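Novice: Before we start, here is the structure in question, set down as structure tokens.
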Amino acid sequence: MTKTEEEQNEALQQLLKELGDLEINLETENAAKEQLVNTLSWRKENNVDLHPVATEDNKLPLLYPVRGFSCLPDGNLEAHPDISSAVLRIYRWMGGKVSHYHTGCNEFLHRVIMKDCSKKAGKHINRETVIFDCTGMGWHQFHMPALYYIKAISDTDQKYYPETLNKLYLVNAPSAFVMVWKVVKGWLDPGTIDKIQILGKDYKEVLLKQIPAENLPSFLGGQCTCSHIPGGCVPSQSNSDNENVSTAYSTAIMEKGKTDKHIRGPAFFQESE
């Protein structure tokens with residue numbers, strides 16, 4: 001989708017509003033505009049604006065478990081025929097084409113979840129807090145392909161979804177991660193590094209200072225159990241015989257998204273009235 005100069009300027013003002021206190025690499029409006037133009041080009045070249053996102057209306061299967069939003073009912077990632085096998089492999093084992101899945105999750109987050117949060121809060125919400133539980137992880141997860149996945153994700157987020165991270169907590173981090181962190185830090189902007197906190201076993205007090213107990217899963221020290229839905233707060237996922245493609249959704253769904261606005265769901269940038 002090609003944007004006129006006027007539409008690009010409108011998108012720039014929206015981006016500047018969303019970025020808030022971002023300072024790194026965006027100290028001037030020209031730098032911000034350059035990043036916006038690069039983002040729009042990337043979205044066009046990769047058909048990101050045509051990527052389907054799940055809504056209550058189109059009933060597409062979720063790419064990850066969802067709890068507590070008004071825009072769609074609570075649900076889990078399930079082995080639905082419209083989900084690609086790559087999504088199930090990534091969710092369970094961190095294998096497969098992670099970049100397509102990550103883009104799909106980002107589009108769902110910004111075009112559906114963030115809008116729901118903004119409506120509830122009565123103000124614009126465009127940042128997320130992430131808790132990554134490292135329980136059971138060891139050197140066998142930290143092979144070079146896995147590190148390259150992390151690099152691909154961080155590159156995409158920093159270039160095309162800037163300033164969407166509020167905080168990232170790595171809890172139950174094993175000693176092996178200390179060495180890995182030295183490698184990963186070199187791929188991240190200083191501002192992003194400041195938002196990442198690596199915690200061992202003593203994480204509950206830190207998390208509860210940022211997240212209300214009723215919203216924090218019980219296994220992380222909170223009170224939430226999501227007992228109303230199978231799998232609780234963070235369900236597991238088994239493998240299946242779903243279509244083996246790199247995209248998040250099946251080929252049929254991705255093709256429908258190119259022509260069907262109902263399947264695509266809400267737009268990323270707010271459309272002019």
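Letters A, B, ... mark the chains of the structure tokens in the order given; residue numbers begin at 1 per chain; ligand numbers begin at 1, in order shown.
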Enumerate, as a PyMOL selection string, the complete set of residues in segment 23-249 of chain A that a backbone-based DSSP assignment places in alpha helix (DSSP H).
Specialist: chain A and resi 29-45+85-93+98-108+114-121+144-160+176-184+190-193+204-210
Novice: If you count only C-alpha atoms, which residues fall within 12 Å of Gly186 of chain A, apart from same-chain ones fewer than 3 positions away, as an NGL selection string?
Specialist: :A and (147 or 150-151 or 154-155 or 180-183 or 189-190 or 192-193)
Novice: Could the residues in this selection be saved with N, CA, C and O atoms as a PDB file, in the first residue's frame?
Specialist:
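Once written, again.pdb looks like this:
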ATOM      1  N   LEU A 147      20.430 -18.277  18.766  1.00  0.00           N
ATOM      2  CA  LEU A 147      20.902 -16.906  18.939  1.00  0.00           C
ATOM      3  C   LEU A 147      20.601 -16.066  17.700  1.00  0.00           C
ATOM      4  O   LEU A 147      20.282 -14.879  17.803  1.00  0.00           O
ATOM      5  N   ILE A 150      17.112 -14.910  17.905  1.00  0.00           N
ATOM      6  CA  ILE A 150      16.991 -13.764  18.803  1.00  0.00           C
ATOM      7  C   ILE A 150      17.448 -12.492  18.102  1.00  0.00           C
ATOM      8  O   ILE A 150      16.827 -11.428  18.225  1.00  0.00           O
ATOM      9  N   LYS A 151      18.531 -12.583  17.343  1.00  0.00           N
ATOM     10  CA  LYS A 151      19.039 -11.420  16.617  1.00  0.00           C
ATOM     11  C   LYS A 151      18.026 -10.949  15.572  1.00  0.00           C
ATOM     12  O   LYS A 151      17.784  -9.746  15.420  1.00  0.00           O
ATOM     13  N   SER A 154      15.196  -9.152  17.405  1.00  0.00           N
ATOM     14  CA  SER A 154      15.598  -7.840  17.922  1.00  0.00           C
ATOM     15  C   SER A 154      15.786  -6.833  16.791  1.00  0.00           C
ATOM     16  O   SER A 154      15.428  -5.656  16.932  1.00  0.00           O
ATOM     17  N   ASP A 155      16.330  -7.276  15.651  1.00  0.00           N
ATOM     18  CA  ASP A 155      16.496  -6.376  14.506  1.00  0.00           C
ATOM     19  C   ASP A 155      15.149  -5.871  14.000  1.00  0.00           C
ATOM     20  O   ASP A 155      14.974  -4.677  13.720  1.00  0.00           O
ATOM     21  N   VAL A 180      25.648 -15.956  27.375  1.00  0.00           N
ATOM     22  CA  VAL A 180      24.851 -15.647  26.191  1.00  0.00           C
ATOM     23  C   VAL A 180      24.494 -14.167  26.154  1.00  0.00           C
ATOM     24  O   VAL A 180      24.497 -13.535  25.096  1.00  0.00           O
ATOM     25  N   TRP A 181      24.205 -13.599  27.319  1.00  0.00           N
ATOM     26  CA  TRP A 181      23.807 -12.199  27.410  1.00  0.00           C
ATOM     27  C   TRP A 181      24.896 -11.279  26.874  1.00  0.00           C
ATOM     28  O   TRP A 181      24.619 -10.247  26.278  1.00  0.00           O
ATOM     29  N   LYS A 182      26.158 -11.652  27.065  1.00  0.00           N
ATOM     30  CA  LYS A 182      27.264 -10.849  26.564  1.00  0.00           C
ATOM     31  C   LYS A 182      27.227 -10.746  25.039  1.00  0.00           C
ATOM     32  O   LYS A 182      27.616  -9.729  24.461  1.00  0.00           O
ATOM     33  N   VAL A 183      26.764 -11.813  24.375  1.00  0.00           N
ATOM     34  CA  VAL A 183      26.626 -11.808  22.919  1.00  0.00           C
ATOM     35  C   VAL A 183      25.409 -10.993  22.499  1.00  0.00           C
ATOM     36  O   VAL A 183      25.479 -10.128  21.626  1.00  0.00           O
ATOM     37  N   ASP A 189      20.082  -1.840  21.148  1.00  0.00           N
ATOM     38  CA  ASP A 189      20.302  -0.433  21.453  1.00  0.00           C
ATOM     39  C   ASP A 189      20.449  -0.261  22.963  1.00  0.00           C
ATOM     40  O   ASP A 189      19.823  -1.001  23.740  1.00  0.00           O
ATOM     41  N   PRO A 190      21.239   0.720  23.391  1.00  0.00           N
ATOM     42  CA  PRO A 190      21.392   0.971  24.837  1.00  0.00           C
ATOM     43  C   PRO A 190      20.056   1.178  25.549  1.00  0.00           C
ATOM     44  O   PRO A 190      19.863   0.721  26.671  1.00  0.00           O
ATOM     45  N   THR A 192      17.196  -0.153  24.810  1.00  0.00           N
ATOM     46  CA  THR A 192      16.540  -1.446  24.968  1.00  0.00           C
ATOM     47  C   THR A 192      17.177  -2.235  26.101  1.00  0.00           C
ATOM     48  O   THR A 192      16.483  -2.866  26.909  1.00  0.00           O
ATOM     49  N   ILE A 193      18.510  -2.187  26.191  1.00  0.00           N
ATOM     50  CA  ILE A 193      19.231  -2.899  27.251  1.00  0.00           C
ATOM     51  C   ILE A 193      18.774  -2.429  28.626  1.00  0.00           C
ATOM     52  O   ILE A 193      18.613  -3.231  29.553  1.00  0.00           O
TER      53      ILE A 193
END
Novice: Please list as a list of chain:residue names every residue within 10 Å of Gln158 of chain A, counting only C-alpha atoms and excluding residues in the same chain fewer than 5 positions away.
Specialist: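 What passes the distance filter is A:Ile153, A:Glu163, A:Thr164, A:Leu165, A:Trp187, A:Leu188, A:Asp189, A:Thr192.
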Novice: Please write the residues from the selection above to a file, keeping all heavy atoms, as a PDB file, in the first residue's frame.
Specialist:
ATOM      1  N   ILE A 153      14.786 -11.315  15.616  1.00  0.00           N
ATOM      2  CA  ILE A 153      13.664 -10.708  16.319  1.00  0.00           C
ATOM      3  C   ILE A 153      14.019  -9.299  16.789  1.00  0.00           C
ATOM      4  O   ILE A 153      13.247  -8.351  16.604  1.00  0.00           O
ATOM      5  CB  ILE A 153      13.247 -11.587  17.516  1.00  0.00           C
ATOM      6  CG1 ILE A 153      12.562 -12.862  17.021  1.00  0.00           C
ATOM      7  CG2 ILE A 153      12.316 -10.821  18.452  1.00  0.00           C
ATOM      8  CD1 ILE A 153      12.275 -13.861  18.122  1.00  0.00           C
ATOM      9  N   GLU A 163      10.293   1.224  20.233  1.00  0.00           N
ATOM     10  CA  GLU A 163       9.734   1.698  21.502  1.00  0.00           C
ATOM     11  C   GLU A 163       8.400   1.048  21.863  1.00  0.00           C
ATOM     12  O   GLU A 163       7.494   1.707  22.385  1.00  0.00           O
ATOM     13  CB  GLU A 163       9.578   3.222  21.485  1.00  0.00           C
ATOM     14  CG  GLU A 163      10.875   3.946  21.762  1.00  0.00           C
ATOM     15  CD  GLU A 163      11.474   3.598  23.115  1.00  0.00           C
ATOM     16  OE1 GLU A 163      10.871   3.943  24.145  1.00  0.00           O
ATOM     17  OE2 GLU A 163      12.534   2.959  23.131  1.00  0.00           O
ATOM     18  N   THR A 164       8.265  -0.243  21.566  1.00  0.00           N
ATOM     19  CA  THR A 164       7.051  -0.951  21.978  1.00  0.00           C
ATOM     20  C   THR A 164       7.283  -1.794  23.228  1.00  0.00           C
ATOM     21  O   THR A 164       6.344  -2.355  23.767  1.00  0.00           O
ATOM     22  CB  THR A 164       6.535  -1.869  20.848  1.00  0.00           C
ATOM     23  OG1 THR A 164       7.564  -2.794  20.484  1.00  0.00           O
ATOM     24  CG2 THR A 164       6.134  -1.057  19.637  1.00  0.00           C
ATOM     25  N   LEU A 165       8.542  -1.876  23.668  1.00  0.00           N
ATOM     26  CA  LEU A 165       8.866  -2.644  24.876  1.00  0.00           C
ATOM     27  C   LEU A 165       8.910  -1.720  26.080  1.00  0.00           C
ATOM     28  O   LEU A 165       9.630  -0.727  26.092  1.00  0.00           O
ATOM     29  CB  LEU A 165      10.221  -3.350  24.716  1.00  0.00           C
ATOM     30  CG  LEU A 165      10.706  -4.157  25.928  1.00  0.00           C
ATOM     31  CD1 LEU A 165       9.781  -5.345  26.183  1.00  0.00           C
ATOM     32  CD2 LEU A 165      12.142  -4.631  25.719  1.00  0.00           C
ATOM     33  N   TRP A 187      23.770  -6.720  20.128  1.00  0.00           N
ATOM     34  CA  TRP A 187      22.776  -6.543  19.062  1.00  0.00           C
ATOM     35  C   TRP A 187      21.707  -5.517  19.433  1.00  0.00           C
ATOM     36  O   TRP A 187      20.848  -5.204  18.614  1.00  0.00           O
ATOM     37  CB  TRP A 187      22.096  -7.878  18.754  1.00  0.00           C
ATOM     38  CG  TRP A 187      23.028  -8.946  18.282  1.00  0.00           C
ATOM     39  CD1 TRP A 187      24.211  -8.769  17.627  1.00  0.00           C
ATOM     40  CD2 TRP A 187      22.859 -10.362  18.431  1.00  0.00           C
ATOM     41  NE1 TRP A 187      24.792  -9.983  17.353  1.00  0.00           N
ATOM     42  CE2 TRP A 187      23.983 -10.980  17.829  1.00  0.00           C
ATOM     43  CE3 TRP A 187      21.873 -11.170  18.995  1.00  0.00           C
ATOM     44  CZ2 TRP A 187      24.148 -12.354  17.789  1.00  0.00           C
ATOM     45  CZ3 TRP A 187      22.034 -12.547  18.950  1.00  0.00           C
ATOM     46  CH2 TRP A 187      23.156 -13.123  18.364  1.00  0.00           C
ATOM     47  N   LEU A 188      21.715  -5.038  20.660  1.00  0.00           N
ATOM     48  CA  LEU A 188      20.618  -4.209  21.148  1.00  0.00           C
ATOM     49  C   LEU A 188      21.043  -2.756  21.341  1.00  0.00           C
ATOM     50  O   LEU A 188      22.195  -2.468  21.661  1.00  0.00           O
ATOM     51  CB  LEU A 188      20.116  -4.763  22.493  1.00  0.00           C
ATOM     52  CG  LEU A 188      19.642  -6.214  22.501  1.00  0.00           C
ATOM     53  CD1 LEU A 188      19.279  -6.633  23.920  1.00  0.00           C
ATOM     54  CD2 LEU A 188      18.451  -6.410  21.572  1.00  0.00           C
ATOM     55  N   ASP A 189      20.082  -1.840  21.148  1.00  0.00           N
ATOM     56  CA  ASP A 189      20.302  -0.433  21.453  1.00  0.00           C
ATOM     57  C   ASP A 189      20.449  -0.261  22.963  1.00  0.00           C
ATOM     58  O   ASP A 189      19.823  -1.001  23.740  1.00  0.00           O
ATOM     59  CB  ASP A 189      19.123   0.413  20.974  1.00  0.00           C
ATOM     60  CG  ASP A 189      19.070   0.545  19.467  1.00  0.00           C
ATOM     61  OD1 ASP A 189      20.122   0.446  18.812  1.00  0.00           O
ATOM     62  OD2 ASP A 189      17.959   0.751  18.962  1.00  0.00           O
ATOM     63  N   THR A 192      17.196  -0.153  24.810  1.00  0.00           N
ATOM     64  CA  THR A 192      16.540  -1.446  24.968  1.00  0.00           C
ATOM     65  C   THR A 192      17.177  -2.235  26.101  1.00  0.00           C
ATOM     66  O   THR A 192      16.483  -2.866  26.909  1.00  0.00           O
ATOM     67  CB  THR A 192      16.633  -2.258  23.663  1.00  0.00           C
ATOM     68  OG1 THR A 192      16.002  -1.524  22.606  1.00  0.00           O
ATOM     69  CG2 THR A 192      15.952  -3.617  23.807  1.00  0.00           C
TER      70      THR A 192
END
Novice: Taking 5 positions as the minimum chain separation for residues in the same chain, which residues sit within 9 Å of Cys71 of chain A when counting only C-alpha atoms? Answer as a PyMOL selection string.
Specialist: chain A and resi 55-56+112-113+115-116
Novice: Give me the residues near segment 109-111 of chain A as a list in words, where near means some atom within 8 Å (using only C-alpha atoms) and where sequence neighbours in that chain fewer than 3 positions away do not count.
Specialist: Val53, Cys105, Asn106, Met114, Lys115, Asn126, Gly265, Pro266, Ala267 and Phe268 of chain A
Novice: Of the residues A:Arg264, A:Glu255, A:Arg67, A:Tyr249, which is the one nearest to Ser227 of chain A, using only C-alpha atoms?
Specialist: A:Arg67
Novice: Give the strand (DSSP E) residues of segment 86-271 of chain A, as assigned by DSSP on the backbone, as an MDAnalysis selection string.
Specialist: chainID A and resid 128:133 165:171 196:198
Novice: Using only N, CA and C atoms, please write the residues we just selected to a file, as an mmCIF file, in the first residue's frame.
Specialist:
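out35.cif written:
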data_model
loop_
_atom_site.group_PDB
_atom_site.id
_atom_site.type_symbol
_atom_site.label_atom_id
_atom_site.label_comp_id
_atom_site.auth_asym_id
_atom_site.auth_seq_id
_atom_site.Cartn_x
_atom_site.Cartn_y
_atom_site.Cartn_z
ATOM 1 N N GLU A 128 4.488 -2.953 25.817
ATOM 2 C CA GLU A 128 4.155 -4.172 26.527
ATOM 3 C C GLU A 128 5.252 -4.529 27.531
ATOM 4 N N THR A 129 4.859 -5.225 28.595
ATOM 5 C CA THR A 129 5.791 -5.795 29.558
ATOM 6 C C THR A 129 5.805 -7.300 29.351
ATOM 7 N N VAL A 130 7.000 -7.855 29.185
ATOM 8 C CA VAL A 130 7.162 -9.276 28.871
ATOM 9 C C VAL A 130 7.896 -9.971 30.002
ATOM 10 N N ILE A 131 7.399 -11.148 30.400
ATOM 11 C CA ILE A 131 8.095 -11.994 31.374
ATOM 12 C C ILE A 131 8.477 -13.283 30.663
ATOM 13 N N PHE A 132 9.765 -13.573 30.631
ATOM 14 C CA PHE A 132 10.257 -14.797 29.982
ATOM 15 C C PHE A 132 10.809 -15.714 31.073
ATOM 16 N N ASP A 133 10.136 -16.854 31.261
ATOM 17 C CA ASP A 133 10.537 -17.808 32.289
ATOM 18 C C ASP A 133 11.553 -18.787 31.695
ATOM 19 N N LEU A 165 8.542 -1.876 23.668
ATOM 20 C CA LEU A 165 8.866 -2.644 24.876
ATOM 21 C C LEU A 165 8.910 -1.720 26.080
ATOM 22 N N ASN A 166 8.123 -2.053 27.101
ATOM 23 C CA ASN A 166 8.171 -1.320 28.366
ATOM 24 C C ASN A 166 9.237 -1.934 29.270
ATOM 25 N N LYS A 167 9.102 -3.222 29.547
ATOM 26 C CA LYS A 167 10.061 -3.958 30.360
ATOM 27 C C LYS A 167 10.109 -5.418 29.891
ATOM 28 N N LEU A 168 11.300 -6.011 29.983
ATOM 29 C CA LEU A 168 11.466 -7.446 29.735
ATOM 30 C C LEU A 168 12.154 -8.044 30.950
ATOM 31 N N TYR A 169 11.447 -8.967 31.612
ATOM 32 C CA TYR A 169 12.010 -9.649 32.776
ATOM 33 C C TYR A 169 12.349 -11.086 32.394
ATOM 34 N N LEU A 170 13.595 -11.471 32.592
ATOM 35 C CA LEU A 170 14.030 -12.849 32.390
ATOM 36 C C LEU A 170 14.173 -13.470 33.771
ATOM 37 N N VAL A 171 13.223 -14.347 34.122
ATOM 38 C CA VAL A 171 13.224 -14.935 35.464
ATOM 39 C C VAL A 171 13.738 -16.365 35.417
ATOM 40 N N ILE A 196 15.742 -4.253 30.079
ATOM 41 C CA ILE A 196 15.828 -5.694 30.316
ATOM 42 C C ILE A 196 16.430 -5.965 31.683
ATOM 43 N N GLN A 197 15.745 -6.784 32.466
ATOM 44 C CA GLN A 197 16.231 -7.125 33.806
ATOM 45 C C GLN A 197 16.332 -8.644 33.921
ATOM 46 N N ILE A 198 17.537 -9.120 34.210
ATOM 47 C CA ILE A 198 17.778 -10.555 34.342
ATOM 48 C C ILE A 198 17.695 -10.924 35.815
#
Novice: Using 12 Å as the limit and counting only C-alpha atoms, can you tabulate each residue of segment 209-247 of chain A that touches segment 99-103 of chain A, with its shortest atom-to-atom distance in Å and the two atoms involved, as a tab-separated table?
Specialist:
residue	atom	partner	partner_atom	distance
A:Val245	CA	A:His100	CA	10.0
A:Ser246	CA	A:His100	CA	6.5
A:Thr247	CA	A:His100	CA	5.3
Novice: Please, could you write that set of residues out with N, CA and C atoms as a PDB file, in the first residue's frame?
Specialist:
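To be explicit, this is the file written out as out38.pdb:
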ATOM      1  N   VAL A 245       4.416 -24.578   6.306  1.00  0.00           N
ATOM      2  CA  VAL A 245       4.803 -23.350   5.611  1.00  0.00           C
ATOM      3  C   VAL A 245       5.435 -22.406   6.626  1.00  0.00           C
ATOM      4  N   SER A 246       6.208 -21.435   6.134  1.00  0.00           N
ATOM      5  CA  SER A 246       6.919 -20.529   7.044  1.00  0.00           C
ATOM      6  C   SER A 246       6.022 -19.448   7.623  1.00  0.00           C
ATOM      7  N   THR A 247       4.903 -19.142   6.958  1.00  0.00           N
ATOM      8  CA  THR A 247       4.011 -18.084   7.421  1.00  0.00           C
ATOM      9  C   THR A 247       3.257 -18.520   8.674  1.00  0.00           C
TER      10      THR A 247
END
Novice: Could you check how far atom CA of Ala79 of chain A sits from atom CA of Gly257 of chain A, in Å to one decimal?
Specialist: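 Separation between atom CA of Ala79 of chain A and atom CA of Gly257 of chain A: 20.1 Å.
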Novice: Tell me, in Å to one decimal, how far atom CA of Leu72 of chain A is from atom CA of Lys258 of chain A.
Specialist: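 A separation of 22.6 Å between them.
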Novice: Provide the atom CA of Ala252 of chain A to atom CA of Pro73 of chain A distance in Å, to one decimal place.
Specialist: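 Distance reported for this atom pair: 24.0 Å.
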Novice: Identify which of the residues A:Phe69, A:Gly136, A:Pro174, A:Thr225 lies closest to Ala213 of chain A, counting only C-alpha atoms when measuring atom-to-atom distances.
Specialist: A:Thr225
